[in-house]
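Below: my_file_31.cif (mmCIF, N, CA and C atoms)
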```
data_structure
loop_
_atom_site.label_atom_id
_atom_site.label_comp_id
_atom_site.auth_asym_id
_atom_site.auth_seq_id
_atom_site.Cartn_x
_atom_site.Cartn_y
_atom_site.Cartn_z
N MET Y 1 0.85 -1.17 0.00
CA MET Y 1 0.00 0.00 0.00
C MET Y 1 0.90 1.25 0.00
N ILE Y 2 0.45 2.22 -0.78
CA ILE Y 2 1.16 3.50 -0.83
C ILE Y 2 0.35 4.52 -0.03
N LYS Y 3 1.02 5.26 0.78
CA LYS Y 3 0.34 6.24 1.62
C LYS Y 3 1.06 7.58 1.49
N ALA Y 4 0.28 8.63 1.23
CA ALA Y 4 0.85 9.99 1.16
C ALA Y 4 0.19 10.82 2.24
N GLU Y 5 0.97 11.59 2.91
CA GLU Y 5 0.44 12.44 3.97
C GLU Y 5 0.97 13.86 3.82
N ILE Y 6 0.15 14.77 4.24
CA ILE Y 6 0.58 16.17 4.28
C ILE Y 6 0.15 16.70 5.65
N SER Y 7 1.04 17.41 6.27
CA SER Y 7 0.73 17.89 7.63
C SER Y 7 -0.15 19.14 7.57
N GLN Y 8 -0.79 19.39 8.67
CA GLN Y 8 -1.63 20.59 8.78
C GLN Y 8 -0.78 21.84 8.60
N ALA Y 9 0.44 21.82 9.07
CA ALA Y 9 1.35 22.97 8.92
C ALA Y 9 1.63 23.24 7.45
N GLU Y 10 1.83 22.16 6.68
CA GLU Y 10 2.07 22.33 5.23
C GLU Y 10 0.82 22.87 4.53
N ILE Y 11 -0.35 22.40 4.92
CA ILE Y 11 -1.61 22.89 4.36
C ILE Y 11 -1.77 24.37 4.68
N ASN Y 12 -1.52 24.73 5.94
CA ASN Y 12 -1.65 26.13 6.35
C ASN Y 12 -0.67 27.02 5.58
N LYS Y 13 0.53 26.54 5.36
CA LYS Y 13 1.53 27.30 4.60
C LYS Y 13 1.06 27.52 3.16
N ALA Y 14 0.52 26.49 2.54
CA ALA Y 14 0.02 26.61 1.16
C ALA Y 14 -1.16 27.57 1.10
N ILE Y 15 -2.07 27.49 2.06
CA ILE Y 15 -3.22 28.40 2.11
C ILE Y 15 -2.74 29.84 2.29
N GLY Y 16 -1.74 30.03 3.14
CA GLY Y 16 -1.17 31.37 3.34
C GLY Y 16 -0.60 31.94 2.06
N LYS Y 17 0.09 31.12 1.28
CA LYS Y 17 0.64 31.58 0.00
C LYS Y 17 -0.47 31.92 -0.98
N LEU Y 18 -1.52 31.11 -1.01
CA LEU Y 18 -2.67 31.40 -1.89
C LEU Y 18 -3.36 32.71 -1.48
N ASP Y 19 -3.52 32.92 -0.18
CA ASP Y 19 -4.13 34.15 0.32
C ASP Y 19 -3.32 35.38 -0.10
N LEU Y 20 -1.98 35.28 0.01
CA LEU Y 20 -1.12 36.40 -0.40
C LEU Y 20 -1.24 36.67 -1.89
N LEU Y 21 -1.28 35.61 -2.68
CA LEU Y 21 -1.42 35.75 -4.12
C LEU Y 21 -2.76 36.39 -4.47
N LEU Y 22 -3.81 35.93 -3.81
CA LEU Y 22 -5.14 36.49 -4.05
C LEU Y 22 -5.19 37.97 -3.69
N LYS Y 23 -4.61 38.34 -2.55
CA LYS Y 23 -4.60 39.75 -2.14
C LYS Y 23 -3.83 40.60 -3.14
N LYS Y 24 -2.69 40.08 -3.60
CA LYS Y 24 -1.88 40.82 -4.58
C LYS Y 24 -2.68 41.05 -5.86
N LYS Y 25 -3.36 40.01 -6.35
CA LYS Y 25 -4.17 40.14 -7.57
C LYS Y 25 -5.32 41.11 -7.34
N ARG Y 26 -5.98 41.00 -6.20
CA ARG Y 26 -7.10 41.88 -5.89
C ARG Y 26 -6.64 43.34 -5.85
N ASP Y 27 -5.49 43.58 -5.24
CA ASP Y 27 -4.94 44.94 -5.18
C ASP Y 27 -4.63 45.47 -6.58
N GLN Y 28 -4.08 44.60 -7.44
CA GLN Y 28 -3.77 45.01 -8.82
C GLN Y 28 -5.05 45.31 -9.60
N VAL Y 29 -6.08 44.49 -9.40
CA VAL Y 29 -7.37 44.74 -10.07
C VAL Y 29 -7.96 46.05 -9.59
N GLU Y 30 -7.84 46.32 -8.29
CA GLU Y 30 -8.38 47.58 -7.75
C GLU Y 30 -7.67 48.79 -8.37
N VAL Y 31 -6.38 48.70 -8.58
CA VAL Y 31 -5.63 49.79 -9.20
C VAL Y 31 -6.14 50.03 -10.62
N VAL Y 32 -6.35 48.96 -11.37
CA VAL Y 32 -6.86 49.08 -12.75
C VAL Y 32 -8.25 49.72 -12.76
N ILE Y 33 -9.12 49.23 -11.91
CA ILE Y 33 -10.50 49.74 -11.86
C ILE Y 33 -10.50 51.22 -11.46
N ASN Y 34 -9.74 51.57 -10.45
CA ASN Y 34 -9.69 52.96 -10.01
C ASN Y 34 -9.14 53.87 -11.10
N HIS Y 35 -8.07 53.43 -11.74
CA HIS Y 35 -7.45 54.20 -12.82
C HIS Y 35 -8.46 54.49 -13.94
N HIS Y 36 -9.17 53.46 -14.37
CA HIS Y 36 -10.11 53.64 -15.47
C HIS Y 36 -11.35 54.45 -15.07
N ALA Y 37 -11.79 54.30 -13.83
CA ALA Y 37 -12.93 55.11 -13.37
C ALA Y 37 -12.58 56.59 -13.42
N LEU Y 38 -11.38 56.93 -12.98
CA LEU Y 38 -10.95 58.33 -13.01
C LEU Y 38 -10.77 58.83 -14.45
N LYS Y 39 -10.30 57.94 -15.33
CA LYS Y 39 -10.18 58.31 -16.74
C LYS Y 39 -11.55 58.55 -17.38
N ILE Y 40 -12.53 57.73 -17.01
CA ILE Y 40 -13.90 57.91 -17.51
C ILE Y 40 -14.45 59.24 -17.01
N GLU Y 41 -14.24 59.53 -15.73
CA GLU Y 41 -14.69 60.81 -15.17
C GLU Y 41 -14.07 61.97 -15.94
N SER Y 42 -12.78 61.91 -16.19
CA SER Y 42 -12.09 62.98 -16.91
C SER Y 42 -12.61 63.12 -18.34
N ALA Y 43 -12.79 61.98 -19.02
CA ALA Y 43 -13.29 62.01 -20.40
C ALA Y 43 -14.70 62.59 -20.45
N ALA Y 44 -15.54 62.22 -19.48
CA ALA Y 44 -16.90 62.74 -19.43
C ALA Y 44 -16.89 64.26 -19.20
N LYS Y 45 -16.02 64.72 -18.32
CA LYS Y 45 -15.92 66.17 -18.07
C LYS Y 45 -15.43 66.92 -19.31
N ASN Y 46 -14.54 66.30 -20.07
CA ASN Y 46 -14.05 66.94 -21.30
C ASN Y 46 -15.09 66.93 -22.40
N ARG Y 47 -15.99 65.97 -22.37
CA ARG Y 47 -16.96 65.78 -23.44
C ARG Y 47 -18.29 66.50 -23.18
N VAL Y 48 -18.64 66.71 -21.92
CA VAL Y 48 -19.96 67.26 -21.59
C VAL Y 48 -20.11 68.69 -22.12
N PRO Y 49 -21.27 68.98 -22.75
CA PRO Y 49 -21.49 70.38 -23.17
C PRO Y 49 -21.64 71.27 -21.94
N THR Y 50 -21.09 72.46 -22.01
CA THR Y 50 -21.16 73.34 -20.85
C THR Y 50 -21.88 74.63 -21.18
N ASP Y 51 -22.62 75.07 -20.20
CA ASP Y 51 -23.26 76.38 -20.26
C ASP Y 51 -22.80 77.11 -19.01
N SER Y 52 -23.32 76.68 -17.87
CA SER Y 52 -22.91 77.29 -16.60
C SER Y 52 -21.75 76.53 -15.96
N GLY Y 53 -21.50 75.29 -16.40
CA GLY Y 53 -20.45 74.48 -15.81
C GLY Y 53 -20.94 73.62 -14.67
N ARG Y 54 -22.22 73.75 -14.32
CA ARG Y 54 -22.78 72.99 -13.20
C ARG Y 54 -22.73 71.49 -13.47
N LEU Y 55 -23.12 71.08 -14.68
CA LEU Y 55 -23.13 69.66 -15.00
C LEU Y 55 -21.71 69.10 -15.00
N LYS Y 56 -20.80 69.81 -15.61
CA LYS Y 56 -19.40 69.35 -15.66
C LYS Y 56 -18.81 69.17 -14.26
N SER Y 57 -19.04 70.14 -13.40
CA SER Y 57 -18.45 70.06 -12.06
C SER Y 57 -19.13 69.02 -11.18
N SER Y 58 -20.30 68.53 -11.61
CA SER Y 58 -21.02 67.54 -10.80
C SER Y 58 -20.58 66.10 -11.09
N ILE Y 59 -19.80 65.88 -12.12
CA ILE Y 59 -19.38 64.52 -12.47
C ILE Y 59 -18.32 64.06 -11.47
N LYS Y 60 -18.61 62.95 -10.81
CA LYS Y 60 -17.76 62.45 -9.72
C LYS Y 60 -17.54 60.94 -9.86
N THR Y 61 -16.53 60.44 -9.16
CA THR Y 61 -16.28 59.01 -9.04
C THR Y 61 -16.41 58.64 -7.58
N GLU Y 62 -17.13 57.56 -7.33
CA GLU Y 62 -17.35 57.10 -5.96
C GLU Y 62 -16.94 55.63 -5.85
N LYS Y 63 -16.31 55.28 -4.76
CA LYS Y 63 -15.92 53.90 -4.50
C LYS Y 63 -17.12 53.14 -3.95
N LEU Y 64 -17.40 51.99 -4.55
CA LEU Y 64 -18.49 51.13 -4.08
C LEU Y 64 -17.90 49.79 -3.68
N GLY Y 65 -17.74 49.56 -2.43
CA GLY Y 65 -17.14 48.32 -1.98
C GLY Y 65 -15.66 48.28 -2.34
N GLU Y 66 -15.11 47.06 -2.30
CA GLU Y 66 -13.68 46.92 -2.52
C GLU Y 66 -13.28 47.18 -3.97
N LEU Y 67 -14.04 46.65 -4.92
CA LEU Y 67 -13.63 46.77 -6.31
C LEU Y 67 -14.60 47.58 -7.17
N GLY Y 68 -15.68 48.04 -6.63
CA GLY Y 68 -16.67 48.78 -7.42
C GLY Y 68 -16.37 50.27 -7.49
N ARG Y 69 -16.68 50.85 -8.62
CA ARG Y 69 -16.58 52.31 -8.80
C ARG Y 69 -17.81 52.78 -9.55
N LYS Y 70 -18.28 53.96 -9.21
CA LYS Y 70 -19.43 54.56 -9.88
C LYS Y 70 -19.00 55.94 -10.34
N VAL Y 71 -19.15 56.20 -11.65
CA VAL Y 71 -18.92 57.54 -12.19
C VAL Y 71 -20.32 58.07 -12.49
N TYR Y 72 -20.64 59.22 -11.92
CA TYR Y 72 -22.02 59.68 -11.98
C TYR Y 72 -22.12 61.20 -11.89
N THR Y 73 -23.32 61.67 -12.13
CA THR Y 73 -23.70 63.05 -11.85
C THR Y 73 -25.07 63.01 -11.19
N ASN Y 74 -25.31 63.90 -10.27
CA ASN Y 74 -26.62 63.97 -9.62
C ASN Y 74 -27.45 65.16 -10.11
N VAL Y 75 -26.99 65.81 -11.17
CA VAL Y 75 -27.74 66.94 -11.72
C VAL Y 75 -28.98 66.40 -12.43
N GLU Y 76 -30.13 66.93 -12.08
CA GLU Y 76 -31.41 66.38 -12.55
C GLU Y 76 -31.58 66.41 -14.07
N TYR Y 77 -30.94 67.32 -14.75
CA TYR Y 77 -31.14 67.39 -16.21
C TYR Y 77 -30.07 66.62 -16.99
N ALA Y 78 -29.15 65.98 -16.30
CA ALA Y 78 -28.08 65.22 -16.97
C ALA Y 78 -28.60 64.16 -17.95
N PRO Y 79 -29.62 63.36 -17.59
CA PRO Y 79 -30.08 62.35 -18.54
C PRO Y 79 -30.65 62.95 -19.84
N TYR Y 80 -31.23 64.15 -19.74
CA TYR Y 80 -31.77 64.80 -20.93
C TYR Y 80 -30.64 65.22 -21.88
N VAL Y 81 -29.54 65.65 -21.29
CA VAL Y 81 -28.37 66.00 -22.10
C VAL Y 81 -27.78 64.72 -22.69
N GLU Y 82 -27.67 63.69 -21.87
CA GLU Y 82 -27.07 62.42 -22.30
C GLU Y 82 -27.84 61.76 -23.44
N PHE Y 83 -29.16 61.66 -23.30
CA PHE Y 83 -29.96 60.90 -24.26
C PHE Y 83 -30.79 61.74 -25.22
N GLY Y 84 -31.03 62.99 -24.89
CA GLY Y 84 -31.92 63.82 -25.70
C GLY Y 84 -33.34 63.74 -25.16
N THR Y 85 -34.26 64.39 -25.86
CA THR Y 85 -35.64 64.42 -25.41
C THR Y 85 -36.60 64.22 -26.58
N TYR Y 86 -37.78 63.85 -26.25
CA TYR Y 86 -38.90 63.71 -27.16
C TYR Y 86 -38.53 62.89 -28.39
N GLY Y 87 -38.61 63.44 -29.59
CA GLY Y 87 -38.34 62.68 -30.80
C GLY Y 87 -36.87 62.47 -31.10
N ASN Y 88 -35.99 63.09 -30.36
CA ASN Y 88 -34.56 63.00 -30.63
C ASN Y 88 -33.79 62.13 -29.64
N VAL Y 89 -34.49 61.29 -28.89
CA VAL Y 89 -33.82 60.44 -27.92
C VAL Y 89 -32.94 59.43 -28.65
N GLU Y 90 -31.69 59.36 -28.24
CA GLU Y 90 -30.75 58.38 -28.79
C GLU Y 90 -30.66 57.20 -27.84
N THR Y 91 -30.92 56.00 -28.37
CA THR Y 91 -30.90 54.82 -27.52
C THR Y 91 -29.64 53.97 -27.72
N THR Y 92 -28.87 54.27 -28.74
CA THR Y 92 -27.63 53.52 -28.99
C THR Y 92 -26.44 54.46 -28.85
N ILE Y 93 -25.52 54.09 -28.00
CA ILE Y 93 -24.31 54.89 -27.77
C ILE Y 93 -23.11 53.99 -28.02
N SER Y 94 -22.27 54.40 -28.93
CA SER Y 94 -21.07 53.63 -29.30
C SER Y 94 -21.42 52.17 -29.62
N GLY Y 95 -22.54 51.97 -30.29
CA GLY Y 95 -22.95 50.64 -30.71
C GLY Y 95 -23.63 49.80 -29.64
N VAL Y 96 -23.86 50.34 -28.46
CA VAL Y 96 -24.49 49.60 -27.37
C VAL Y 96 -25.90 50.14 -27.16
N ASP Y 97 -26.87 49.22 -27.05
CA ASP Y 97 -28.27 49.61 -26.88
C ASP Y 97 -28.55 49.98 -25.42
N TYR Y 98 -28.93 51.22 -25.21
CA TYR Y 98 -29.29 51.72 -23.88
C TYR Y 98 -30.77 52.08 -23.81
N SER Y 99 -31.60 51.36 -24.60
CA SER Y 99 -33.03 51.65 -24.65
C SER Y 99 -33.69 51.66 -23.28
N SER Y 100 -33.33 50.68 -22.46
CA SER Y 100 -33.98 50.57 -21.16
C SER Y 100 -33.74 51.79 -20.28
N VAL Y 101 -32.64 52.47 -20.50
CA VAL Y 101 -32.32 53.66 -19.72
C VAL Y 101 -32.82 54.92 -20.43
N ALA Y 102 -32.72 54.94 -21.76
CA ALA Y 102 -32.97 56.16 -22.52
C ALA Y 102 -34.44 56.40 -22.85
N LEU Y 103 -35.22 55.35 -23.09
CA LEU Y 103 -36.59 55.53 -23.58
C LEU Y 103 -37.51 56.37 -22.69
N PRO Y 104 -37.37 56.37 -21.37
CA PRO Y 104 -38.25 57.23 -20.58
C PRO Y 104 -38.16 58.72 -20.96
N PHE Y 105 -37.04 59.12 -21.56
CA PHE Y 105 -36.88 60.53 -21.91
C PHE Y 105 -37.56 60.87 -23.23
N LYS Y 106 -38.04 59.85 -23.93
CA LYS Y 106 -38.78 60.06 -25.18
C LYS Y 106 -40.12 60.74 -24.89
N ARG Y 107 -40.63 60.54 -23.69
CA ARG Y 107 -41.89 61.16 -23.30
C ARG Y 107 -41.70 62.57 -22.75
N SER Y 108 -40.47 62.96 -22.53
CA SER Y 108 -40.23 64.28 -21.94
C SER Y 108 -40.35 65.36 -22.99
N ASN Y 109 -40.66 66.54 -22.56
CA ASN Y 109 -40.85 67.66 -23.47
C ASN Y 109 -39.58 68.49 -23.55
N GLY Y 110 -38.87 68.34 -24.65
CA GLY Y 110 -37.66 69.12 -24.85
C GLY Y 110 -37.89 70.22 -25.87
N GLY Y 111 -39.12 70.65 -25.97
CA GLY Y 111 -39.44 71.67 -26.96
C GLY Y 111 -39.89 71.01 -28.26
N PRO Y 112 -40.18 71.81 -29.26
CA PRO Y 112 -40.65 71.25 -30.53
C PRO Y 112 -39.61 70.30 -31.13
N GLY Y 113 -39.99 69.05 -31.28
CA GLY Y 113 -39.08 68.07 -31.86
C GLY Y 113 -38.10 67.50 -30.87
N GLY Y 114 -37.91 68.16 -29.77
CA GLY Y 114 -37.00 67.67 -28.75
C GLY Y 114 -35.57 68.13 -28.96
N MET Y 115 -34.75 67.79 -28.00
CA MET Y 115 -33.33 68.15 -28.00
C MET Y 115 -32.52 66.89 -28.32
N PRO Y 116 -31.56 66.98 -29.21
CA PRO Y 116 -30.75 65.79 -29.50
C PRO Y 116 -29.85 65.44 -28.30
N GLY Y 117 -29.57 64.16 -28.15
CA GLY Y 117 -28.68 63.71 -27.09
C GLY Y 117 -27.24 64.09 -27.40
N ARG Y 118 -26.51 64.39 -26.34
CA ARG Y 118 -25.07 64.67 -26.46
C ARG Y 118 -24.36 63.84 -25.39
N SER Y 119 -24.27 62.55 -25.71
CA SER Y 119 -23.74 61.60 -24.73
C SER Y 119 -22.34 62.00 -24.28
N PHE Y 120 -22.17 62.02 -22.99
CA PHE Y 120 -20.87 62.34 -22.41
C PHE Y 120 -20.42 61.25 -21.45
N LEU Y 121 -21.34 60.71 -20.66
CA LEU Y 121 -20.97 59.74 -19.64
C LEU Y 121 -20.91 58.31 -20.20
N PHE Y 122 -21.99 57.88 -20.84
CA PHE Y 122 -22.02 56.52 -21.38
C PHE Y 122 -21.03 56.37 -22.52
N ARG Y 123 -20.86 57.38 -23.33
CA ARG Y 123 -19.88 57.31 -24.42
C ARG Y 123 -18.46 57.18 -23.86
N SER Y 124 -18.17 57.91 -22.80
CA SER Y 124 -16.84 57.81 -22.17
C SER Y 124 -16.61 56.41 -21.63
N PHE Y 125 -17.65 55.82 -21.03
CA PHE Y 125 -17.52 54.46 -20.53
C PHE Y 125 -17.32 53.47 -21.67
N GLU Y 126 -18.12 53.58 -22.71
CA GLU Y 126 -18.03 52.62 -23.82
C GLU Y 126 -16.67 52.71 -24.52
N GLU Y 127 -16.13 53.90 -24.62
CA GLU Y 127 -14.81 54.04 -25.23
C GLU Y 127 -13.72 53.42 -24.36
N ALA Y 128 -13.91 53.43 -23.04
CA ALA Y 128 -12.92 52.87 -22.13
C ALA Y 128 -13.06 51.36 -21.96
N ARG Y 129 -14.23 50.83 -22.23
CA ARG Y 129 -14.51 49.41 -21.95
C ARG Y 129 -13.46 48.44 -22.52
N PRO Y 130 -13.07 48.52 -23.81
CA PRO Y 130 -12.09 47.56 -24.32
C PRO Y 130 -10.75 47.62 -23.58
N LYS Y 131 -10.31 48.81 -23.23
CA LYS Y 131 -9.03 48.97 -22.51
C LYS Y 131 -9.15 48.43 -21.08
N ILE Y 132 -10.30 48.62 -20.45
CA ILE Y 132 -10.51 48.08 -19.10
C ILE Y 132 -10.41 46.56 -19.15
N ILE Y 133 -11.10 45.96 -20.09
CA ILE Y 133 -11.08 44.50 -20.22
C ILE Y 133 -9.67 44.01 -20.50
N LYS Y 134 -8.97 44.67 -21.40
CA LYS Y 134 -7.60 44.29 -21.74
C LYS Y 134 -6.69 44.36 -20.50
N ASP Y 135 -6.79 45.47 -19.76
CA ASP Y 135 -5.94 45.64 -18.58
C ASP Y 135 -6.28 44.64 -17.47
N LEU Y 136 -7.56 44.33 -17.29
CA LEU Y 136 -7.95 43.34 -16.29
C LEU Y 136 -7.45 41.94 -16.67
N LYS Y 137 -7.57 41.60 -17.93
CA LYS Y 137 -7.06 40.30 -18.40
C LYS Y 137 -5.55 40.20 -18.18
N LYS Y 138 -4.86 41.32 -18.41
CA LYS Y 138 -3.40 41.34 -18.22
C LYS Y 138 -3.04 41.06 -16.77
N VAL Y 139 -3.77 41.67 -15.83
CA VAL Y 139 -3.51 41.47 -14.41
C VAL Y 139 -3.84 40.03 -14.01
N ILE Y 140 -4.97 39.55 -14.46
CA ILE Y 140 -5.42 38.21 -14.06
C ILE Y 140 -4.50 37.13 -14.62
N ASN Y 141 -4.02 37.32 -15.84
CA ASN Y 141 -3.19 36.30 -16.47
C ASN Y 141 -1.70 36.43 -16.15
N ALA Y 142 -1.29 37.50 -15.51
CA ALA Y 142 0.13 37.68 -15.17
C ALA Y 142 0.52 36.67 -14.10
N LYS Y 143 1.75 36.26 -14.19
CA LYS Y 143 2.24 35.26 -13.22
C LYS Y 143 2.99 35.91 -12.09
#
```
Would you put the structure from the file into structure tokens?
Amino acid sequence: MIKAEISQAEINKAIGKLDLLLKKKRDQVEVVINHHALKIESAAKNRVPTDSGRLKSSIKTEKLGELGRKVYTNVEYAPYVEFGTYGNVETTISGVDYSSVALPFKRSNGGPGGMPGRSFLFRSFEEARPKIIKDLKKVINAK
């Protein structure tokens, strides 16, 4: 009979190494996510149409949990600028369908014919998406 044994100390040592590796990867992923969230915020601020500057200055990045980030604005008219109003609502941004978010603004009154959308936030995200995915894959696959 062949018998193989591993001690609890050896198991604990292996688990400790795995935990360190996991923390290192998690930290690297967090750096990538934070970097891209701030880049999206910056791109949105550069892209947003300005009148008084209120909308531009309201664009912020917030940390949600360990790895989550939210780039947002709390200005009430931001969605009307993003998607447009009435007959000019744009539901596709950078080839991605945002109908579920944009269509409620089709009922809003943006004047005769409505106001065309001038996407600043979702377009900034969609432009960053391929680079985010590439950078995350690089971190995950690195040895």
**Item:** Selection under test: the PyMOL selection byres ((chain Y and resi 40-42) around 7); residues as a PyMOL selection string
**Value:** chain Y and resi 35-39+43-47+59-61+71-72+124-125+128
**Item:** Selection result for the PyMOL selection byres (((chain Y and resi 135 and name CA) around 12) and name CA) on this file, as JSON, numbers by chain
**Value:** {"Y": [28, 29, 30, 31, 32, 33, 34, 35, 36, 128, 129, 130, 131, 132, 133, 134, 136, 137, 138, 139, 140, 141, 142]}
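By only N, CA and C atoms, and with residues fewer than 3 positions from Y:Thr73 along its chain excluded, the set lying at most 8 Å from it is Leu55, Ser57, Ser58, Ile59, Lys60, Thr61, Lys70, Glu76, Ala78 and Pro79 of chain Y.
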Could you turn the residues from that selection into a file that holds N, CA and C atoms, as a PDB file, keeping the file's coordinate frame?
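Now in result12.pdb:
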```pdb
ATOM      1  N   LEU Y  55     -23.120  71.080 -14.680  1.00  0.00           N
ATOM      2  CA  LEU Y  55     -23.130  69.660 -15.000  1.00  0.00           C
ATOM      3  C   LEU Y  55     -21.710  69.100 -15.000  1.00  0.00           C
ATOM      4  N   SER Y  57     -19.040  70.140 -13.400  1.00  0.00           N
ATOM      5  CA  SER Y  57     -18.450  70.060 -12.060  1.00  0.00           C
ATOM      6  C   SER Y  57     -19.130  69.020 -11.180  1.00  0.00           C
ATOM      7  N   SER Y  58     -20.300  68.530 -11.610  1.00  0.00           N
ATOM      8  CA  SER Y  58     -21.020  67.540 -10.800  1.00  0.00           C
ATOM      9  C   SER Y  58     -20.580  66.100 -11.090  1.00  0.00           C
ATOM     10  N   ILE Y  59     -19.800  65.880 -12.120  1.00  0.00           N
ATOM     11  CA  ILE Y  59     -19.380  64.520 -12.470  1.00  0.00           C
ATOM     12  C   ILE Y  59     -18.320  64.060 -11.470  1.00  0.00           C
ATOM     13  N   LYS Y  60     -18.610  62.950 -10.810  1.00  0.00           N
ATOM     14  CA  LYS Y  60     -17.760  62.450  -9.720  1.00  0.00           C
ATOM     15  C   LYS Y  60     -17.540  60.940  -9.860  1.00  0.00           C
ATOM     16  N   THR Y  61     -16.530  60.440  -9.160  1.00  0.00           N
ATOM     17  CA  THR Y  61     -16.280  59.010  -9.040  1.00  0.00           C
ATOM     18  C   THR Y  61     -16.410  58.640  -7.580  1.00  0.00           C
ATOM     19  N   LYS Y  70     -18.280  53.960  -9.210  1.00  0.00           N
ATOM     20  CA  LYS Y  70     -19.430  54.560  -9.880  1.00  0.00           C
ATOM     21  C   LYS Y  70     -19.000  55.940 -10.340  1.00  0.00           C
ATOM     22  N   GLU Y  76     -30.130  66.930 -12.080  1.00  0.00           N
ATOM     23  CA  GLU Y  76     -31.410  66.380 -12.550  1.00  0.00           C
ATOM     24  C   GLU Y  76     -31.580  66.410 -14.070  1.00  0.00           C
ATOM     25  N   ALA Y  78     -29.150  65.980 -16.300  1.00  0.00           N
ATOM     26  CA  ALA Y  78     -28.080  65.220 -16.970  1.00  0.00           C
ATOM     27  C   ALA Y  78     -28.600  64.160 -17.950  1.00  0.00           C
ATOM     28  N   PRO Y  79     -29.620  63.360 -17.590  1.00  0.00           N
ATOM     29  CA  PRO Y  79     -30.080  62.350 -18.540  1.00  0.00           C
ATOM     30  C   PRO Y  79     -30.650  62.950 -19.840  1.00  0.00           C
TER      31      PRO Y  79
END
```
Could you state which residues are captured by the PyMOL selection byres ((chain Y and resi 119) around 6.5) in this file, as a compact mmCIF listing (two decimals) with N, CA and C atoms, keeping the file's coordinate frame?
```txt
# COMPACT_ATOMS: atom_id res chain seq x y z
N ARG Y 47 -15.99 65.97 -22.37
CA ARG Y 47 -16.96 65.78 -23.44
C ARG Y 47 -18.29 66.50 -23.18
N VAL Y 48 -18.64 66.71 -21.92
CA VAL Y 48 -19.96 67.26 -21.59
C VAL Y 48 -20.11 68.69 -22.12
N VAL Y 81 -29.54 65.65 -21.29
CA VAL Y 81 -28.37 66.00 -22.10
C VAL Y 81 -27.78 64.72 -22.69
N GLU Y 82 -27.67 63.69 -21.87
CA GLU Y 82 -27.07 62.42 -22.30
C GLU Y 82 -27.84 61.76 -23.44
N PHE Y 83 -29.16 61.66 -23.30
CA PHE Y 83 -29.96 60.90 -24.26
C PHE Y 83 -30.79 61.74 -25.22
N GLY Y 117 -29.57 64.16 -28.15
CA GLY Y 117 -28.68 63.71 -27.09
C GLY Y 117 -27.24 64.09 -27.40
N ARG Y 118 -26.51 64.39 -26.34
CA ARG Y 118 -25.07 64.67 -26.46
C ARG Y 118 -24.36 63.84 -25.39
N PHE Y 120 -22.17 62.02 -22.99
CA PHE Y 120 -20.87 62.34 -22.41
C PHE Y 120 -20.42 61.25 -21.45
N LEU Y 121 -21.34 60.71 -20.66
CA LEU Y 121 -20.97 59.74 -19.64
C LEU Y 121 -20.91 58.31 -20.20
N PHE Y 122 -21.99 57.88 -20.84
CA PHE Y 122 -22.02 56.52 -21.38
C PHE Y 122 -21.03 56.37 -22.52
N ARG Y 123 -20.86 57.38 -23.33
CA ARG Y 123 -19.88 57.31 -24.42
C ARG Y 123 -18.46 57.18 -23.86
N SER Y 124 -18.17 57.91 -22.80
CA SER Y 124 -16.84 57.81 -22.17
C SER Y 124 -16.61 56.41 -21.63
```
**Prompt:** Quick one, how far is atom C of Y:Asn88 from atom C of Y:Met115?
**Reply:** 5.1 Å
**Asked** Taking the backbone alone, and naming residues the way the document does, which bits of chain Y are helix (DSSP H, G or I) by DSSP, as a ChimeraX atom specification?
**Response** /Y:8-47,54-58,78-83,86-88,99-107,121-141
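Taking atom C of Y:Asp19 and atom N of Y:Gly65 as endpoints, the distance between them is 20.4 Å.
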**Request:** Please give the complete set of residues from stretch 12-138 of chain Y that DSSP, run on the backbone, assigns to strand (DSSP E or B), formatted as a ChimeraX atom specification.
**Result:** /Y:60-64,68-72,84,92-93,96-97,116
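Our summary of the geometry notes that atom CA of Y:Leu64 is positioned 14.8 Å from atom CA of Y:Arg26.
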With N, CA, C and O atoms as the target, complete stretch 42-48 of chain Y and hand it back as a short mmCIF file (atom, residue, chain, number, x, y, z; two decimals), in the coordinates of the input.
```cif
data_model
loop_
_atom_site.label_atom_id
_atom_site.label_comp_id
_atom_site.auth_asym_id
_atom_site.auth_seq_id
_atom_site.Cartn_x
_atom_site.Cartn_y
_atom_site.Cartn_z
N SER Y 42 -12.78 61.91 -16.19
CA SER Y 42 -12.09 62.98 -16.91
C SER Y 42 -12.61 63.12 -18.34
O SER Y 42 -12.86 64.22 -18.82
N ALA Y 43 -12.79 61.98 -19.02
CA ALA Y 43 -13.29 62.01 -20.40
C ALA Y 43 -14.70 62.59 -20.45
O ALA Y 43 -15.02 63.38 -21.35
N ALA Y 44 -15.54 62.22 -19.48
CA ALA Y 44 -16.90 62.74 -19.43
C ALA Y 44 -16.89 64.26 -19.20
O ALA Y 44 -17.65 65.00 -19.84
N LYS Y 45 -16.02 64.72 -18.32
CA LYS Y 45 -15.92 66.17 -18.07
C LYS Y 45 -15.43 66.92 -19.31
O LYS Y 45 -15.86 68.04 -19.57
N ASN Y 46 -14.54 66.30 -20.07
CA ASN Y 46 -14.05 66.94 -21.30
C ASN Y 46 -15.09 66.93 -22.40
O ASN Y 46 -15.07 67.79 -23.28
N ARG Y 47 -15.99 65.97 -22.37
CA ARG Y 47 -16.96 65.78 -23.44
C ARG Y 47 -18.29 66.50 -23.18
O ARG Y 47 -19.00 66.86 -24.12
N VAL Y 48 -18.64 66.71 -21.92
CA VAL Y 48 -19.96 67.26 -21.59
C VAL Y 48 -20.11 68.69 -22.12
O VAL Y 48 -19.19 69.50 -22.01
#
```
